[in-house]
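Chemist: Below is the file structure.cif, which contains mmCIF, N, CA and C atoms.
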```cif
data_start
#
loop_
_atom_site.label_atom_id
_atom_site.label_comp_id
_atom_site.auth_asym_id
_atom_site.auth_seq_id
_atom_site.Cartn_x
_atom_site.Cartn_y
_atom_site.Cartn_z
N MET A 4 123.99 118.91 146.42
CA MET A 4 124.33 117.61 145.90
C MET A 4 124.53 117.67 144.39
N SER A 5 125.51 118.36 143.98
CA SER A 5 125.75 118.45 142.54
C SER A 5 126.76 117.40 142.13
N ASP A 6 126.49 116.78 141.02
CA ASP A 6 127.42 115.83 140.44
C ASP A 6 128.22 116.54 139.37
N THR A 7 129.43 116.92 139.72
CA THR A 7 130.26 117.59 138.73
C THR A 7 130.76 116.56 137.74
N PRO A 8 130.57 116.83 136.46
CA PRO A 8 131.00 115.85 135.46
C PRO A 8 132.52 115.72 135.43
N VAL A 9 132.96 114.52 135.19
CA VAL A 9 134.38 114.25 135.09
C VAL A 9 134.88 114.82 133.76
N LYS A 10 135.95 115.58 133.82
CA LYS A 10 136.50 116.15 132.59
C LYS A 10 137.20 115.04 131.81
N GLN A 11 136.75 114.84 130.59
CA GLN A 11 137.31 113.79 129.76
C GLN A 11 138.55 114.32 129.05
N GLN A 12 139.62 113.55 129.15
CA GLN A 12 140.84 113.92 128.47
C GLN A 12 141.27 112.77 127.59
N ASN A 13 141.84 113.12 126.45
CA ASN A 13 142.31 112.10 125.53
C ASN A 13 143.60 111.48 126.04
N THR A 14 143.79 110.22 125.73
CA THR A 14 145.03 109.55 126.11
C THR A 14 146.14 109.97 125.16
N ALA A 15 147.37 109.71 125.57
CA ALA A 15 148.52 110.03 124.73
C ALA A 15 148.49 109.20 123.45
N ALA A 16 148.00 107.95 123.54
CA ALA A 16 147.93 107.09 122.36
C ALA A 16 146.93 107.65 121.34
N PHE A 17 145.78 108.13 121.82
CA PHE A 17 144.79 108.71 120.91
C PHE A 17 145.34 109.97 120.25
N TYR A 18 146.00 110.80 121.04
CA TYR A 18 146.61 112.02 120.50
C TYR A 18 147.65 111.67 119.45
N GLY A 19 148.50 110.70 119.75
CA GLY A 19 149.53 110.28 118.80
C GLY A 19 148.94 109.71 117.53
N GLN A 20 147.87 108.92 117.68
CA GLN A 20 147.24 108.34 116.49
C GLN A 20 146.61 109.43 115.62
N ALA A 21 146.01 110.42 116.24
CA ALA A 21 145.41 111.51 115.48
C ALA A 21 146.47 112.28 114.69
N ILE A 22 147.59 112.56 115.32
CA ILE A 22 148.67 113.28 114.63
C ILE A 22 149.25 112.42 113.51
N ALA A 23 149.48 111.14 113.80
CA ALA A 23 150.05 110.26 112.78
C ALA A 23 149.11 110.10 111.60
N SER A 24 147.82 109.97 111.87
CA SER A 24 146.84 109.82 110.80
C SER A 24 146.78 111.07 109.94
N PHE A 25 146.79 112.23 110.58
CA PHE A 25 146.78 113.49 109.83
C PHE A 25 148.03 113.63 108.97
N ALA A 26 149.18 113.33 109.55
CA ALA A 26 150.44 113.45 108.81
C ALA A 26 150.48 112.47 107.64
N LEU A 27 150.00 111.27 107.84
CA LEU A 27 149.98 110.26 106.77
C LEU A 27 149.06 110.70 105.63
N ALA A 28 147.87 111.20 105.97
CA ALA A 28 146.93 111.64 104.95
C ALA A 28 147.50 112.83 104.17
N LEU A 29 148.07 113.79 104.88
CA LEU A 29 148.63 114.96 104.21
C LEU A 29 149.81 114.57 103.32
N THR A 30 150.64 113.65 103.78
CA THR A 30 151.76 113.18 102.98
C THR A 30 151.29 112.42 101.74
N ALA A 31 150.30 111.56 101.92
CA ALA A 31 149.79 110.77 100.79
C ALA A 31 149.21 111.68 99.71
N VAL A 32 148.44 112.69 100.11
CA VAL A 32 147.86 113.60 99.13
C VAL A 32 148.96 114.44 98.46
N SER A 33 149.95 114.86 99.25
CA SER A 33 151.06 115.64 98.68
C SER A 33 151.84 114.83 97.66
N VAL A 34 152.14 113.58 97.98
CA VAL A 34 152.85 112.71 97.04
C VAL A 34 151.99 112.47 95.80
N GLY A 35 150.71 112.28 95.99
CA GLY A 35 149.81 112.09 94.86
C GLY A 35 149.78 113.29 93.94
N ILE A 36 149.72 114.48 94.51
CA ILE A 36 149.72 115.70 93.69
C ILE A 36 151.07 115.85 92.97
N TYR A 37 152.15 115.58 93.68
CA TYR A 37 153.49 115.72 93.09
C TYR A 37 153.71 114.76 91.92
N SER A 38 153.16 113.56 92.05
CA SER A 38 153.42 112.54 91.03
C SER A 38 152.42 112.58 89.86
N LEU A 39 151.49 113.50 89.88
CA LEU A 39 150.56 113.62 88.75
C LEU A 39 151.32 114.02 87.48
N ASP A 40 150.85 113.52 86.38
CA ASP A 40 151.47 113.85 85.09
C ASP A 40 150.73 115.02 84.45
N VAL A 41 150.82 116.17 85.13
CA VAL A 41 150.16 117.39 84.64
C VAL A 41 151.13 118.55 84.76
N SER A 42 150.72 119.71 84.27
CA SER A 42 151.60 120.88 84.31
C SER A 42 151.73 121.42 85.74
N GLY A 43 152.71 122.29 85.92
CA GLY A 43 152.98 122.87 87.23
C GLY A 43 151.84 123.70 87.79
N TRP A 44 151.13 124.39 86.88
CA TRP A 44 150.01 125.22 87.33
C TRP A 44 148.91 124.37 87.96
N ILE A 45 148.64 123.23 87.38
CA ILE A 45 147.60 122.36 87.93
C ILE A 45 148.05 121.80 89.28
N ARG A 46 149.31 121.41 89.37
CA ARG A 46 149.84 120.92 90.65
C ARG A 46 149.76 122.01 91.72
N ALA A 47 150.13 123.22 91.34
CA ALA A 47 150.08 124.33 92.30
C ALA A 47 148.65 124.59 92.76
N PHE A 48 147.70 124.55 91.82
CA PHE A 48 146.29 124.74 92.18
C PHE A 48 145.83 123.66 93.15
N LEU A 49 146.18 122.40 92.86
CA LEU A 49 145.77 121.31 93.74
C LEU A 49 146.44 121.42 95.11
N ALA A 50 147.69 121.85 95.15
CA ALA A 50 148.38 122.01 96.43
C ALA A 50 147.75 123.12 97.27
N VAL A 51 147.44 124.25 96.64
CA VAL A 51 146.79 125.34 97.37
C VAL A 51 145.39 124.91 97.82
N SER A 52 144.70 124.17 96.99
CA SER A 52 143.37 123.66 97.37
C SER A 52 143.47 122.73 98.57
N MET A 53 144.51 121.89 98.60
CA MET A 53 144.71 120.98 99.72
C MET A 53 145.00 121.76 101.00
N LEU A 54 145.82 122.79 100.92
CA LEU A 54 146.10 123.61 102.10
C LEU A 54 144.86 124.35 102.58
N TYR A 55 144.06 124.85 101.64
CA TYR A 55 142.81 125.52 102.01
C TYR A 55 141.85 124.56 102.70
N LEU A 56 141.74 123.36 102.17
CA LEU A 56 140.88 122.36 102.78
C LEU A 56 141.36 122.00 104.19
N THR A 57 142.66 121.89 104.36
CA THR A 57 143.23 121.56 105.67
C THR A 57 142.93 122.66 106.69
N THR A 58 143.17 123.91 106.33
CA THR A 58 142.90 125.00 107.27
C THR A 58 141.41 125.13 107.55
N SER A 59 140.57 124.88 106.54
CA SER A 59 139.12 124.93 106.75
C SER A 59 138.67 123.83 107.70
N ALA A 60 139.28 122.66 107.60
CA ALA A 60 138.92 121.55 108.51
C ALA A 60 139.29 121.90 109.95
N PHE A 61 140.46 122.50 110.15
CA PHE A 61 140.84 122.92 111.50
C PHE A 61 139.89 123.97 112.05
N THR A 62 139.52 124.94 111.22
CA THR A 62 138.60 125.99 111.65
C THR A 62 137.24 125.41 111.99
N MET A 63 136.73 124.50 111.17
CA MET A 63 135.43 123.90 111.44
C MET A 63 135.47 123.10 112.74
N ALA A 64 136.55 122.35 112.98
CA ALA A 64 136.67 121.58 114.21
C ALA A 64 136.68 122.50 115.43
N LYS A 65 137.34 123.63 115.34
CA LYS A 65 137.38 124.58 116.45
C LYS A 65 136.01 125.19 116.70
N VAL A 66 135.30 125.54 115.64
CA VAL A 66 133.97 126.13 115.80
C VAL A 66 133.01 125.13 116.45
N VAL A 67 133.06 123.89 116.00
CA VAL A 67 132.19 122.85 116.57
C VAL A 67 132.53 122.64 118.05
N ARG A 68 133.82 122.59 118.37
CA ARG A 68 134.23 122.42 119.77
C ARG A 68 133.79 123.59 120.63
N ASP A 69 133.97 124.82 120.13
CA ASP A 69 133.57 126.01 120.89
C ASP A 69 132.07 126.03 121.13
N ARG A 70 131.28 125.64 120.13
CA ARG A 70 129.82 125.61 120.30
C ARG A 70 129.42 124.57 121.34
N GLN A 71 130.07 123.42 121.32
CA GLN A 71 129.76 122.37 122.29
C GLN A 71 130.13 122.83 123.70
N GLU A 72 131.30 123.44 123.86
CA GLU A 72 131.72 123.93 125.17
C GLU A 72 130.79 125.02 125.68
N ALA A 73 130.33 125.90 124.81
CA ALA A 73 129.39 126.94 125.22
C ALA A 73 128.08 126.33 125.70
N GLY A 74 127.62 125.29 125.01
CA GLY A 74 126.40 124.61 125.43
C GLY A 74 126.55 123.96 126.79
N GLN A 75 127.72 123.42 127.08
CA GLN A 75 127.96 122.80 128.37
C GLN A 75 127.97 123.83 129.48
N ILE A 76 128.53 125.02 129.22
CA ILE A 76 128.56 126.07 130.23
C ILE A 76 127.15 126.55 130.54
N VAL A 77 126.33 126.76 129.51
CA VAL A 77 124.94 127.18 129.72
C VAL A 77 124.19 126.12 130.50
N SER A 78 124.43 124.86 130.18
CA SER A 78 123.77 123.77 130.87
C SER A 78 124.16 123.75 132.35
N ARG A 79 125.43 124.00 132.64
CA ARG A 79 125.88 124.02 134.04
C ARG A 79 125.26 125.18 134.81
N VAL A 80 125.15 126.34 134.17
CA VAL A 80 124.54 127.49 134.83
C VAL A 80 123.07 127.20 135.13
N ASP A 81 122.36 126.64 134.15
CA ASP A 81 120.96 126.29 134.36
C ASP A 81 120.81 125.25 135.47
N GLN A 82 121.69 124.28 135.51
CA GLN A 82 121.65 123.26 136.55
C GLN A 82 121.90 123.87 137.92
N ALA A 83 122.84 124.80 138.02
CA ALA A 83 123.13 125.46 139.29
C ALA A 83 121.94 126.28 139.76
N ARG A 84 121.27 126.98 138.84
CA ARG A 84 120.07 127.75 139.21
C ARG A 84 118.97 126.84 139.73
N LEU A 85 118.77 125.73 139.05
CA LEU A 85 117.74 124.78 139.48
C LEU A 85 118.07 124.21 140.86
N GLU A 86 119.32 123.87 141.10
CA GLU A 86 119.71 123.34 142.40
C GLU A 86 119.50 124.38 143.50
N LYS A 87 119.78 125.66 143.21
CA LYS A 87 119.56 126.71 144.21
C LYS A 87 118.07 126.86 144.51
N ILE A 88 117.25 126.85 143.48
CA ILE A 88 115.79 126.96 143.69
C ILE A 88 115.28 125.79 144.53
N LEU A 89 115.73 124.59 144.21
CA LEU A 89 115.29 123.42 144.97
C LEU A 89 115.81 123.44 146.39
N ALA A 90 117.02 123.94 146.60
CA ALA A 90 117.57 124.02 147.96
C ALA A 90 116.83 125.05 148.80
N ASP A 91 116.40 126.16 148.17
CA ASP A 91 115.69 127.21 148.90
C ASP A 91 114.21 126.90 149.10
N HIS A 92 113.69 125.97 148.37
CA HIS A 92 112.25 125.68 148.44
C HIS A 92 111.93 124.87 149.70
N ASP A 93 110.92 125.32 150.40
CA ASP A 93 110.43 124.60 151.59
C ASP A 93 109.00 124.15 151.29
N PRO A 94 108.79 122.86 151.06
CA PRO A 94 107.45 122.41 150.70
C PRO A 94 106.44 122.51 151.86
N PHE A 95 106.93 122.68 153.09
CA PHE A 95 106.01 122.73 154.23
C PHE A 95 105.73 124.17 154.69
N LYS A 96 106.25 125.11 153.95
CA LYS A 96 106.03 126.52 154.27
C LYS A 96 104.59 126.88 153.89
N PRO A 97 103.84 127.46 154.79
CA PRO A 97 102.44 127.83 154.45
C PRO A 97 102.40 128.94 153.42
N ILE A 98 101.38 128.87 152.58
CA ILE A 98 101.18 129.89 151.55
C ILE A 98 100.57 131.11 152.22
N ALA A 99 101.15 132.27 151.98
CA ALA A 99 100.69 133.50 152.64
C ALA A 99 99.57 134.13 151.90
#
```
Before anything else, please render the file you have as structure tokens.
Modeler:
Amino acid sequence: MSDTPVKQQNTAAFYGQAIASFALALTAVSVGIYSLDVSGWIRAFLAVSMLYLTTSAFTMAKVVRDRQEAGQIVSRVDQARLEKILADHDPFKPIA
């Protein structure tokens, strides 16, 4: 009697909103850096910093997701072991 959890999937609207939000934020920061009244070297530094921050955010999100998925797999294995032990257990079996 195992209750398999329902796999949660994001809707197309949520996916679209996430992409649009990311694109808007990246565009806004890019326009802000471009319109600064500073030298080219400072703009280049800020642009590279923005790209580094973006890639770091993607990497962190992947690591967090992978850790969560690994925890769910371990939890499922432990649950399956417990269910097997309970299924094999006979409470009316005499102790030898």
Chemist: When you draw a straight line from CA of Ala23 in chain A to CA of Trp44 in chain A, how long is it in Å?
Modeler: 29.5 Å
Chemist: Work out where the centre of an axis-aligned box around every listed atom of range 68-81 of chain A lies and how long its edges are once 5 Å is added on each side; give both in Å to one decimal as AutoDock Vina command-line options.
Modeler:
```
--center_x 127.5 --center_y 124.9 --center_z 126.9 --size_x 23.4 --size_y 15.1 --size_z 27.1
```
Chemist: From a DSSP pass on the backbone, collect the residues of chain A flagged as helix (DSSP H, G or I) and hand them back as a ChimeraX atom specification.
Modeler: /A:15-37,43-91
Chemist: Would you pull range 30-42 of chain A out of the block just shown and save all heavy atoms as a PDB file, in the first residue's frame?
Modeler:
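Everything below was put into part_2.pdb:
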```
ATOM      1  N   THR A  30      17.688  42.482 -19.081  1.00  0.00           N
ATOM      2  CA  THR A  30      17.635  43.638 -19.970  1.00  0.00           C
ATOM      3  C   THR A  30      17.741  44.949 -19.196  1.00  0.00           C
ATOM      4  O   THR A  30      18.477  45.861 -19.594  1.00  0.00           O
ATOM      5  CB  THR A  30      16.336  43.619 -20.800  1.00  0.00           C
ATOM      6  OG1 THR A  30      16.292  42.392 -21.534  1.00  0.00           O
ATOM      7  CG2 THR A  30      16.264  44.788 -21.758  1.00  0.00           C
ATOM      8  N   ALA A  31      17.015  45.042 -18.083  1.00  0.00           N
ATOM      9  CA  ALA A  31      17.041  46.269 -17.282  1.00  0.00           C
ATOM     10  C   ALA A  31      18.440  46.552 -16.754  1.00  0.00           C
ATOM     11  O   ALA A  31      18.919  47.696 -16.809  1.00  0.00           O
ATOM     12  CB  ALA A  31      16.046  46.168 -16.131  1.00  0.00           C
ATOM     13  N   VAL A  32      19.122  45.523 -16.264  1.00  0.00           N
ATOM     14  CA  VAL A  32      20.475  45.722 -15.747  1.00  0.00           C
ATOM     15  C   VAL A  32      21.434  46.069 -16.892  1.00  0.00           C
ATOM     16  O   VAL A  32      22.299  46.935 -16.742  1.00  0.00           O
ATOM     17  CB  VAL A  32      20.952  44.477 -14.965  1.00  0.00           C
ATOM     18  CG1 VAL A  32      22.422  44.598 -14.592  1.00  0.00           C
ATOM     19  CG2 VAL A  32      20.116  44.290 -13.716  1.00  0.00           C
ATOM     20  N   SER A  33      21.259  45.419 -18.034  1.00  0.00           N
ATOM     21  CA  SER A  33      22.117  45.718 -19.188  1.00  0.00           C
ATOM     22  C   SER A  33      21.944  47.157 -19.648  1.00  0.00           C
ATOM     23  O   SER A  33      22.933  47.862 -19.920  1.00  0.00           O
ATOM     24  CB  SER A  33      21.802  44.764 -20.347  1.00  0.00           C
ATOM     25  OG  SER A  33      22.055  43.437 -19.971  1.00  0.00           O
ATOM     26  N   VAL A  34      20.708  47.620 -19.738  1.00  0.00           N
ATOM     27  CA  VAL A  34      20.445  49.006 -20.129  1.00  0.00           C
ATOM     28  C   VAL A  34      21.014  49.963 -19.086  1.00  0.00           C
ATOM     29  O   VAL A  34      21.596  51.008 -19.422  1.00  0.00           O
ATOM     30  CB  VAL A  34      18.932  49.236 -20.349  1.00  0.00           C
ATOM     31  CG1 VAL A  34      18.599  50.715 -20.472  1.00  0.00           C
ATOM     32  CG2 VAL A  34      18.468  48.480 -21.572  1.00  0.00           C
ATOM     33  N   GLY A  35      20.864  49.616 -17.828  1.00  0.00           N
ATOM     34  CA  GLY A  35      21.414  50.453 -16.764  1.00  0.00           C
ATOM     35  C   GLY A  35      22.916  50.573 -16.847  1.00  0.00           C
ATOM     36  O   GLY A  35      23.475  51.668 -16.701  1.00  0.00           O
ATOM     37  N   ILE A  36      23.596  49.463 -17.099  1.00  0.00           N
ATOM     38  CA  ILE A  36      25.058  49.497 -17.229  1.00  0.00           C
ATOM     39  C   ILE A  36      25.460  50.301 -18.470  1.00  0.00           C
ATOM     40  O   ILE A  36      26.384  51.108 -18.429  1.00  0.00           O
ATOM     41  CB  ILE A  36      25.628  48.063 -17.282  1.00  0.00           C
ATOM     42  CG1 ILE A  36      25.497  47.393 -15.920  1.00  0.00           C
ATOM     43  CG2 ILE A  36      27.085  48.069 -17.725  1.00  0.00           C
ATOM     44  CD1 ILE A  36      25.879  45.923 -15.908  1.00  0.00           C
ATOM     45  N   TYR A  37      24.738  50.099 -19.564  1.00  0.00           N
ATOM     46  CA  TYR A  37      25.069  50.808 -20.810  1.00  0.00           C
ATOM     47  C   TYR A  37      24.893  52.320 -20.678  1.00  0.00           C
ATOM     48  O   TYR A  37      25.674  53.099 -21.217  1.00  0.00           O
ATOM     49  CB  TYR A  37      24.205  50.267 -21.959  1.00  0.00           C
ATOM     50  CG  TYR A  37      24.458  50.949 -23.273  1.00  0.00           C
ATOM     51  CD1 TYR A  37      25.609  50.656 -24.005  1.00  0.00           C
ATOM     52  CD2 TYR A  37      23.574  51.883 -23.772  1.00  0.00           C
ATOM     53  CE1 TYR A  37      25.856  51.281 -25.207  1.00  0.00           C
ATOM     54  CE2 TYR A  37      23.819  52.521 -24.978  1.00  0.00           C
ATOM     55  CZ  TYR A  37      24.962  52.216 -25.692  1.00  0.00           C
ATOM     56  OH  TYR A  37      25.208  52.842 -26.889  1.00  0.00           O
ATOM     57  N   SER A  38      23.878  52.724 -19.925  1.00  0.00           N
ATOM     58  CA  SER A  38      23.581  54.159 -19.838  1.00  0.00           C
ATOM     59  C   SER A  38      24.351  54.878 -18.723  1.00  0.00           C
ATOM     60  O   SER A  38      24.182  56.083 -18.558  1.00  0.00           O
ATOM     61  CB  SER A  38      22.075  54.366 -19.643  1.00  0.00           C
ATOM     62  OG  SER A  38      21.671  53.827 -18.408  1.00  0.00           O
ATOM     63  N   LEU A  39      25.189  54.172 -17.999  1.00  0.00           N
ATOM     64  CA  LEU A  39      26.000  54.831 -16.972  1.00  0.00           C
ATOM     65  C   LEU A  39      26.964  55.832 -17.611  1.00  0.00           C
ATOM     66  O   LEU A  39      27.481  55.599 -18.700  1.00  0.00           O
ATOM     67  CB  LEU A  39      26.809  53.801 -16.181  1.00  0.00           C
ATOM     68  CG  LEU A  39      26.087  53.015 -15.104  1.00  0.00           C
ATOM     69  CD1 LEU A  39      27.023  51.959 -14.530  1.00  0.00           C
ATOM     70  CD2 LEU A  39      25.586  53.909 -14.009  1.00  0.00           C
ATOM     71  N   ASP A  40      27.207  56.893 -16.905  1.00  0.00           N
ATOM     72  CA  ASP A  40      28.128  57.917 -17.400  1.00  0.00           C
ATOM     73  C   ASP A  40      29.521  57.660 -16.823  1.00  0.00           C
ATOM     74  O   ASP A  40      30.027  58.428 -16.005  1.00  0.00           O
ATOM     75  CB  ASP A  40      27.619  59.309 -17.013  1.00  0.00           C
ATOM     76  CG  ASP A  40      28.407  60.415 -17.690  1.00  0.00           C
ATOM     77  OD1 ASP A  40      28.968  60.149 -18.773  1.00  0.00           O
ATOM     78  OD2 ASP A  40      28.457  61.520 -17.119  1.00  0.00           O
ATOM     79  N   VAL A  41      30.093  56.519 -17.235  1.00  0.00           N
ATOM     80  CA  VAL A  41      31.430  56.135 -16.766  1.00  0.00           C
ATOM     81  C   VAL A  41      32.235  55.637 -17.956  1.00  0.00           C
ATOM     82  O   VAL A  41      31.716  55.475 -19.063  1.00  0.00           O
ATOM     83  CB  VAL A  41      31.350  55.029 -15.676  1.00  0.00           C
ATOM     84  CG1 VAL A  41      30.711  55.550 -14.412  1.00  0.00           C
ATOM     85  CG2 VAL A  41      30.620  53.807 -16.182  1.00  0.00           C
ATOM     86  N   SER A  42      33.504  55.347 -17.713  1.00  0.00           N
ATOM     87  CA  SER A  42      34.370  54.891 -18.806  1.00  0.00           C
ATOM     88  C   SER A  42      34.016  53.462 -19.228  1.00  0.00           C
ATOM     89  O   SER A  42      33.300  52.743 -18.539  1.00  0.00           O
ATOM     90  CB  SER A  42      35.835  54.950 -18.367  1.00  0.00           C
ATOM     91  OG  SER A  42      36.084  53.971 -17.381  1.00  0.00           O
TER      92      SER A  42
END
```
